[in-house]
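**Q** I am sharing input11.csv, which consists of CSV, C-alpha atoms:
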chain,number,residue,atom,x,y,z
A,277,MET,CA,-4.2,4.9,41.1
A,278,LYS,CA,-2.1,2.3,39.3
A,279,ARG,CA,-2.4,3.9,35.8
A,280,PRO,CA,-0.8,7.2,36.8
A,281,PHE,CA,2.2,5.3,38.3
A,282,VAL,CA,2.6,3.3,35.0
A,283,ILE,CA,2.5,6.4,32.8
A,284,PHE,CA,4.7,8.4,35.0
A,285,TYR,CA,7.5,5.8,35.3
A,286,ALA,CA,7.3,5.0,31.6
A,287,LEU,CA,8.0,8.7,31.0
A,288,ILE,CA,10.8,8.7,33.5
A,289,ILE,CA,12.5,5.7,31.9
A,290,TYR,CA,12.1,7.2,28.5
A,291,THR,CA,13.6,10.5,29.6
A,292,LEU,CA,16.6,8.7,31.3
A,293,MET,CA,17.2,6.6,28.2
A,294,GLU,CA,17.1,9.7,26.0
A,295,LEU,CA,19.4,11.6,28.4
A,296,ILE,CA,22.0,8.7,28.4
A,297,TRP,CA,21.8,8.4,24.6
A,298,TRP,CA,22.4,12.1,23.9
A,299,GLY,CA,25.1,12.2,26.5
A,300,TYR,CA,26.8,9.3,24.8
A,301,MET,CA,26.5,11.0,21.4
A,302,LEU,CA,27.9,14.3,22.8
A,303,MET,CA,30.9,12.5,24.3
A,304,ARG,CA,31.7,10.8,20.9
A,305,LEU,CA,31.4,14.2,19.1
A,306,GLN,CA,33.3,16.2,21.8
A,307,PRO,CA,35.6,13.8,23.8
A,308,ASP,CA,37.5,16.7,25.3
A,309,ARG,CA,34.3,17.8,27.1
A,310,THR,CA,33.5,14.3,28.6
A,311,GLY,CA,33.9,15.5,32.2
A,312,MET,CA,31.5,18.4,31.8
A,313,ILE,CA,28.9,16.2,30.0
A,314,LEU,CA,29.1,13.5,32.7
A,315,GLY,CA,28.8,16.2,35.5
A,316,GLU,CA,25.7,17.9,33.9
A,317,GLY,CA,24.2,14.5,33.0
A,318,SER,CA,24.6,13.3,36.6
A,319,MET,CA,22.8,16.5,37.9
A,320,PHE,CA,19.9,15.9,35.5
A,321,ILE,CA,19.6,12.3,36.6
A,322,ILE,CA,19.7,13.3,40.3
A,323,ILE,CA,16.9,16.0,39.7
A,324,ILE,CA,14.7,13.5,37.8
A,325,ALA,CA,15.2,10.8,40.4
A,326,THR,CA,14.4,13.2,43.2
A,327,GLY,CA,11.2,14.4,41.4
A,328,ALA,CA,10.2,10.7,40.8
A,329,ILE,CA,10.6,9.8,44.5
A,330,LEU,CA,8.7,12.8,45.7
A,331,PHE,CA,5.9,12.2,43.2
A,332,HIS,CA,5.7,8.5,44.2
A,333,ARG,CA,5.4,9.5,47.9
A,334,SER,CA,2.7,12.0,47.0
A,335,LEU,CA,0.7,9.5,45.1
A,336,ASN,CA,1.1,6.9,47.8
A,337,LYS,CA,-0.1,9.4,50.4
A,338,GLU,CA,-3.1,10.3,48.3
A,339,ARG,CA,-4.0,6.7,47.7
A,340,ARG,CA,-3.8,6.0,51.5
A,341,LEU,CA,-6.0,9.0,52.2
A,342,VAL,CA,-8.6,7.9,49.6
A,343,HIS,CA,-8.7,4.4,51.2
A,344,GLN,CA,-9.0,5.9,54.7
A,345,LYS,CA,-11.8,8.2,53.6
A,346,LYS,CA,-13.7,5.2,52.1
A,347,ASN,CA,-13.3,3.3,55.4
A,348,PHE,CA,-14.5,6.5,57.3
A,349,LEU,CA,-17.6,6.8,55.2
A,350,LEU,CA,-18.4,3.1,55.7
A,351,SER,CA,-17.9,3.3,59.4
A,352,VAL,CA,-19.9,6.5,59.8
A,353,THR,CA,-22.8,5.0,57.9
A,354,HIS,CA,-22.8,2.0,60.2
A,355,GLU,CA,-22.4,4.2,63.3
A,356,LEU,CA,-25.4,6.3,62.3
A,357,LYS,CA,-27.7,3.5,61.3
A,358,SER,CA,-27.1,1.3,64.3
A,359,PRO,CA,-28.3,3.7,67.1
A,360,LEU,CA,-31.0,5.2,64.9
A,361,ALA,CA,-32.4,1.7,64.2
A,362,SER,CA,-32.3,0.9,68.0
A,363,ILE,CA,-34.0,4.2,68.9
A,364,LYS,CA,-36.7,3.6,66.3
A,365,LEU,CA,-37.3,0.0,67.6
A,366,TYR,CA,-37.7,1.1,71.2
A,367,LEU,CA,-40.1,4.0,70.3
A,368,GLU,CA,-42.2,1.8,68.1
A,369,THR,CA,-42.4,-0.8,70.9
A,370,ILE,CA,-43.6,2.0,73.3
A,371,GLN,CA,-46.1,3.2,70.8
A,372,LYS,CA,-47.6,-0.1,69.8
A,373,ARG,CA,-47.6,-2.1,73.1
A,374,SER,CA,-49.1,-1.6,76.5
A,375,LEU,CA,-46.0,-1.4,78.7
A,376,THR,CA,-45.5,-0.9,82.4
A,377,LYS,CA,-44.0,2.4,83.6
A,378,GLN,CA,-40.8,0.5,84.5
A,379,GLN,CA,-40.5,-0.9,81.0
A,380,VAL,CA,-41.2,2.5,79.4
A,381,ASP,CA,-38.5,4.1,81.6
A,382,ASP,CA,-36.1,1.3,80.7
A,383,PHE,CA,-36.7,1.8,77.0
A,384,VAL,CA,-36.4,5.6,77.2
A,385,GLY,CA,-33.1,5.2,79.2
A,386,LYS,CA,-31.7,3.0,76.4
A,387,CYS,CA,-32.9,5.5,73.8
A,388,LEU,CA,-31.1,8.3,75.7
A,389,LEU,CA,-27.9,6.2,75.7
A,390,ASP,CA,-28.1,5.9,71.9
A,391,VAL,CA,-28.7,9.6,71.6
A,392,ASP,CA,-25.5,10.2,73.8
A,393,ARG,CA,-23.6,7.9,71.4
A,394,LEU,CA,-24.8,9.8,68.4
A,395,ASN,CA,-24.0,13.1,70.1
A,396,ASP,CA,-20.5,12.0,70.9
A,397,MET,CA,-19.9,10.9,67.3
A,398,VAL,CA,-21.2,14.2,65.9
A,399,GLU,CA,-19.1,16.2,68.3
A,400,ASN,CA,-16.0,14.2,67.3
A,401,MET,CA,-16.6,14.9,63.6
A,402,LEU,CA,-17.2,18.6,64.2
A,403,LEU,CA,-14.1,18.9,66.5
A,404,ALA,CA,-11.9,17.0,64.0
A,405,ALA,CA,-13.1,19.3,61.2
A,406,LYS,CA,-12.3,22.4,63.2
A,407,ILE,CA,-8.9,21.1,64.2
A,408,GLU,CA,-8.2,20.3,60.5
A,409,ASN,CA,-9.3,23.8,59.4
A,410,GLN,CA,-7.3,25.4,62.3
A,411,SER,CA,-10.5,27.2,63.2
A,412,TYR,CA,-10.7,26.0,66.8
A,413,THR,CA,-9.0,28.3,69.3
A,414,PHE,CA,-8.9,26.0,72.4
A,415,PRO,CA,-10.1,28.5,75.0
A,416,LYS,CA,-8.4,27.5,78.3
A,417,GLN,CA,-9.5,27.9,81.9
A,418,GLN,CA,-8.7,26.2,85.2
A,419,PHE,CA,-11.2,23.5,86.2
A,420,ASN,CA,-11.6,20.3,88.3
A,421,MET,CA,-10.4,17.4,86.2
A,422,SER,CA,-11.5,14.9,88.9
A,423,VAL,CA,-15.2,16.0,88.5
A,424,LEU,CA,-14.9,15.8,84.7
A,425,VAL,CA,-13.4,12.3,84.6
A,426,ASP,CA,-15.9,11.0,87.3
A,427,GLY,CA,-18.8,12.3,85.3
A,428,ILE,CA,-17.6,10.7,82.1
A,429,VAL,CA,-17.0,7.3,83.9
A,430,ASN,CA,-20.5,7.4,85.3
A,431,ARG,CA,-22.1,8.1,81.9
A,432,LEU,CA,-20.1,5.4,80.2
A,433,GLN,CA,-20.6,2.8,83.0
A,434,ILE,CA,-22.3,-0.2,81.5
A,435,ASN,CA,-23.3,-3.5,83.0
A,436,ARG,CA,-22.6,-6.2,80.4
A,437,CYS,CA,-22.8,-9.3,82.6
A,438,ASP,CA,-25.0,-8.8,85.6
A,439,MET,CA,-26.3,-6.0,87.7
A,440,HIS,CA,-23.4,-6.3,90.2
A,441,GLN,CA,-20.4,-5.9,87.9
A,442,GLN,CA,-18.9,-2.5,87.2
A,443,LEU,CA,-17.3,-2.3,83.7
A,444,ILE,CA,-15.2,0.7,84.6
A,445,ASN,CA,-13.0,0.6,87.7
A,446,ALA,CA,-12.1,4.2,88.5
A,447,GLU,CA,-9.5,5.5,90.9
A,448,ILE,CA,-9.9,9.2,90.8
A,449,GLU,CA,-7.9,11.5,93.2
A,450,PRO,CA,-10.2,14.3,94.3
A,451,LYS,CA,-9.7,18.0,93.5
A,452,VAL,CA,-7.1,17.5,90.7
A,453,GLU,CA,-7.0,20.9,88.9
A,454,VAL,CA,-5.8,21.4,85.3
A,455,THR,CA,-5.8,24.4,83.0
A,456,GLY,CA,-7.1,23.8,79.6
A,457,ASP,CA,-10.1,23.6,77.2
A,458,LYS,CA,-12.8,21.8,79.2
A,459,PHE,CA,-14.8,20.8,76.1
A,460,ALA,CA,-11.8,19.4,74.1
A,461,LEU,CA,-10.5,17.6,77.2
A,462,THR,CA,-13.9,16.1,77.7
A,463,SER,CA,-13.6,14.6,74.2
A,464,VAL,CA,-10.1,13.3,75.1
A,465,VAL,CA,-11.3,11.4,78.2
A,466,THR,CA,-14.4,10.1,76.5
A,467,ASN,CA,-12.5,8.8,73.5
A,468,LEU,CA,-9.9,7.1,75.5
A,469,ILE,CA,-12.5,5.3,77.8
A,470,GLU,CA,-14.8,4.4,74.9
A,471,ASN,CA,-11.9,3.0,73.0
A,472,ALA,CA,-10.9,0.8,76.0
A,473,ILE,CA,-14.5,-0.4,76.3
A,474,LYS,CA,-14.8,-1.0,72.6
A,475,TYR,CA,-11.7,-3.2,72.2
A,476,SER,CA,-12.4,-5.2,75.4
A,477,LYS,CA,-14.4,-8.4,75.6
A,478,PRO,CA,-17.7,-8.4,77.5
A,479,CYS,CA,-17.2,-8.7,81.3
A,480,GLU,CA,-13.6,-7.4,81.0
A,481,THR,CA,-12.9,-4.4,83.4
A,482,VAL,CA,-11.4,-1.1,82.2
A,483,ASN,CA,-9.3,0.7,84.7
A,484,VAL,CA,-9.2,4.5,84.8
A,485,LYS,CA,-6.8,6.4,87.1
A,486,LEU,CA,-6.4,10.1,87.7
A,487,TYR,CA,-3.8,11.4,90.1
A,488,SER,CA,-1.2,14.1,90.7
A,489,LYS,CA,2.5,13.5,91.3
A,490,ALA,CA,5.5,15.8,91.4
A,491,GLY,CA,3.5,18.8,90.1
A,492,LYS,CA,2.1,16.8,87.1
A,493,THR,CA,-1.3,15.3,86.4
A,494,TYR,CA,-1.5,11.7,85.2
A,495,LEU,CA,-4.5,10.0,83.5
A,496,GLU,CA,-4.3,6.3,82.7
A,497,VAL,CA,-6.8,4.2,80.9
A,498,ALA,CA,-6.0,0.5,80.8
A,499,ASP,CA,-7.9,-2.4,79.2
A,500,HIS,CA,-7.5,-6.1,78.9
A,501,GLY,CA,-8.6,-6.3,75.3
A,502,ILE,CA,-7.0,-7.3,72.0
A,503,GLY,CA,-4.0,-5.0,72.4
A,504,ILE,CA,-2.1,-3.0,69.7
A,505,ALA,CA,0.7,-4.5,67.6
A,506,ASP,CA,4.0,-2.7,67.8
A,507,ALA,CA,3.9,-1.9,64.1
A,508,GLU,CA,0.5,-0.1,64.6
A,509,LYS,CA,1.4,2.0,67.6
A,510,SER,CA,3.1,4.7,65.6
A,511,ARG,CA,0.0,5.1,63.3
A,512,ILE,CA,-3.0,4.9,65.7
A,513,PHE,CA,-3.1,8.7,66.1
A,514,GLU,CA,-3.4,9.3,62.4
A,515,ARG,CA,-6.7,10.7,61.0
A,516,PHE,CA,-9.1,8.0,59.8
A,517,TYR,CA,-6.5,5.3,60.6
A,518,ARG,CA,-7.9,2.0,61.8
A,519,VAL,CA,-6.4,-1.5,61.8
A,520,GLY,CA,-7.8,-3.7,59.0
A,521,SER,CA,-10.8,-2.7,56.8
A,522,GLU,CA,-14.4,-1.7,57.6
A,523,GLU,CA,-15.7,-4.8,55.7
A,524,THR,CA,-13.9,-7.2,58.1
A,525,ARG,CA,-13.9,-5.2,61.4
A,526,ASN,CA,-16.3,-5.9,64.1
A,527,THR,CA,-15.5,-3.0,66.5
A,528,LYS,CA,-17.3,0.3,66.0
A,529,GLY,CA,-15.6,3.6,65.3
A,530,THR,CA,-14.7,6.3,62.8
A,531,GLY,CA,-11.0,6.5,63.1
A,532,LEU,CA,-11.2,10.0,64.5
A,533,GLY,CA,-11.1,9.4,68.2
A,534,LEU,CA,-7.3,9.0,68.8
A,535,TYR,CA,-6.6,11.6,66.2
A,536,ILE,CA,-8.6,14.1,68.2
A,537,VAL,CA,-6.9,12.9,71.4
A,538,LYS,CA,-3.4,13.6,70.0
A,539,GLN,CA,-4.3,16.9,68.4
A,540,VAL,CA,-6.0,18.2,71.6
A,541,LEU,CA,-3.2,17.1,73.9
A,542,ASP,CA,-0.6,18.6,71.6
A,543,LYS,CA,-2.4,22.0,72.0
A,544,HIS,CA,-2.2,21.5,75.8
A,545,GLN,CA,1.6,20.6,75.8
A,546,ALA,CA,0.5,17.2,77.2
A,547,VAL,CA,2.2,13.9,76.3
A,548,ILE,CA,0.3,10.7,75.5
A,549,SER,CA,1.9,7.2,75.3
A,550,VAL,CA,0.7,3.7,74.8
A,551,ARG,CA,2.2,0.5,76.1
A,552,ASP,CA,1.2,-3.1,76.4
A,553,ASN,CA,-0.9,-4.2,79.4
A,554,ARG,CA,-0.3,-7.5,81.2
A,555,PRO,CA,-1.3,-10.2,80.4
A,556,ALA,CA,-3.2,-8.6,77.5
A,557,GLY,CA,-4.6,-5.2,76.3
A,558,SER,CA,-3.2,-1.7,76.2
A,559,VAL,CA,-2.5,1.2,78.6
A,560,PHE,CA,-2.8,4.8,77.5
A,561,GLU,CA,-1.1,7.3,79.7
A,562,VAL,CA,-1.5,11.1,79.5
A,563,ILE,CA,0.8,13.5,81.4
A,564,PHE,CA,-0.1,17.1,81.8
A,565,GLY,CA,2.9,19.2,82.7
Render the structure in this file as structure tokens.
**A**
Amino acid sequence: MKRPFVIFYALIIYTLMELIWWGYMLMRLQPDRTGMILGEGSMFIIIIATGAILFHRSLNKERRLVHQKKNFLLSVTHELKSPLASIKLYLETIQKRSLTKQQVDDFVGKCLLDVDRLNDMVENMLLAAKIENQSYTFPKQQFNMSVLVDGIVNRLQINRCDMHQQLINAEIEPKVEVTGDKFALTSVVTNLIENAIKYSKPCETVNVKLYSKAGKTYLEVADHGIGIADAEKSRIFERFYRVGSEETRNTKGTGLGLYIVKQVLDKHQAVISVRDNRPAGSVFEVIFG
């Protein structure tokens, strides 16, 4: 992308120099028309400068998109290979070894968790593509948000330390009703909780709250992880955007989760904000009007 910049700006500089030279020659030949020549010359310079700025921004945007797509492809490759390798290993172990029923059930359960992970990723990519193409209509209906959030929490609940610790601490007010696209809002809740788990250390608790107040519905997902720098907070909802590069990042993801969250909530006239948690981590708050 550097070569087009060099060629373009060389042409811009050449054009400006030619414009100034011919303006100077005209003023020498027709000194009585100096004002008109300066005025028209200034307009040409303003037009050229505006075009150069717009072209520069367009090229920068294209370069960022190419870089983000590269990171996206790298992350998707990793995201697909990891659970597939895990499923293959468990199935080969079941096939080649004599295991107890409890061991087989345990391995099958782990395979199903990896299948759920793959399914979530595929649904994210399909939903993001439909949103981008403006082909998704967001069909809305009234449903029990409490049941939805509780079901997602139970599915994503993982014991990382011992059998007695709950990774997700949920405070869900019962019978909270919202009107919206149940499928898309399921993706919103899933992405927010998975992000909180993803960027938290093992044995760190993620807090999920759902409640109603003054005619509005509030959803809060808080973690005690690495947090988000202030400079990054304005960009985390961009498509494909992730901090750092795929070659150096340890956390999993495709950069589509928070993009989907923002797009879906915008279609529901809901507001999402992010703030620092104390002493560490982030809090995402969603408010349904």
**Q** Could you list, as a VMD selection string, every residue within 12 Å of Asn395 (chain A), counting all atoms listed in the file and ignoring same-chain residues fewer than 2 positions away?
**A** chain A and resid 355 to 356 359 to 360 388 to 393 397 to 402 463 466
**Q** Hey, which of A:His500, A:Lys474, A:Lys538, A:Lys406 ends up closest to Leu461 (chain A)? Count all atoms listed in the file.
**A** A:Lys538
**Q** Please indicate the distance in Å from CA of Ser318 (chain A) to CA of Arg333 (chain A), rounded to one decimal place.
**A**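 CA of Ser318 (chain A) sits 22.6 Å away from CA of Arg333 (chain A).
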**Q** Quick one: pull the distance between CA of Ala361 (chain A) and CA of Asp382 (chain A), Å, one decimal.
**A**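 Distance between the two atoms: 16.9 Å.
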**Q** Rounded to one decimal, what separation in Å do you get between CA of Ala546 (chain A) and CA of Val454 (chain A)?
**A**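 Straight-line distance from CA of Ala546 (chain A) to CA of Val454 (chain A) works out to 11.1 Å.
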**Q** Let me make sure I understand: among A:Val482, A:Leu403, A:Val425, A:Leu495, which one has the smallest atom-to-atom distance to Gly533 (chain A) if we use all atoms listed in the file?
**A**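 Nearest candidate to Gly533 (chain A) out of A:Val482, A:Leu403, A:Val425, A:Leu495: A:Leu403.
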**Q** When distances are computed from all atoms listed in the file, which of A:Leu468, A:Gly299, A:Arg340, A:Val423 shows the smallest separation from Phe516 (chain A)?
**A**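 Using all atoms listed in the file, the shortest distance to Phe516 (chain A) belongs to A:Arg340.
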**Q** Using only C-alpha atoms, which of the listed residues (A:Thr493, A:Thr369, A:Asn467, A:Ser374) sits closest to Ser422 (chain A)?
**A**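 Once distances to Ser422 (chain A) are computed over only C-alpha atoms, the minimum belongs to A:Thr493.
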**Q** Considering all atoms listed in the file, return as an MDAnalysis selection string whatever protein or nucleic-acid residues lie within 10 Å of Gln418 (chain A), sequence-local ones (same chain, fewer than 5 positions apart) excluded.
**A** chainID A and resid 453:458
**Q** Can you list, as a CSV table (one decimal) with C-alpha atoms, in the coordinates of the input, every protein, DNA or RNA residue that comes within 12 Å of region 505-507 of chain A when you count only C-alpha atoms, leaving out same-chain residues fewer than 2 positions away?
**A**
chain,number,residue,atom,x,y,z
A,502,ILE,CA,-7.0,-7.3,72.0
A,503,GLY,CA,-4.0,-5.0,72.4
A,509,LYS,CA,1.4,2.0,67.6
A,510,SER,CA,3.1,4.7,65.6
A,511,ARG,CA,0.0,5.1,63.3
A,512,ILE,CA,-3.0,4.9,65.7
A,519,VAL,CA,-6.4,-1.5,61.8
A,550,VAL,CA,0.7,3.7,74.8
A,551,ARG,CA,2.2,0.5,76.1
A,552,ASP,CA,1.2,-3.1,76.4
A,553,ASN,CA,-0.9,-4.2,79.4
A,556,ALA,CA,-3.2,-8.6,77.5
A,557,GLY,CA,-4.6,-5.2,76.3
A,558,SER,CA,-3.2,-1.7,76.2
**Q** Of the residues A:Glu508, A:Tyr285, A:Gln371, A:Leu443, which is the one nearest to Gly327 (chain A), using all atoms listed in the file?
**A** A:Tyr285
**Q** Which residue gives the smallest distance to Tyr517 (chain A) among A:Val342, A:Pro415, A:Ile428, A:Val465, with all atoms listed in the file counted?
**A** A:Val342
**Q** Counting all atoms listed in the file, find residues at most 7 Å from (-8.5, 11.8, 96.6) (file frame) and give them as a PyMOL selection string.
**A** chain A and resi 448-450
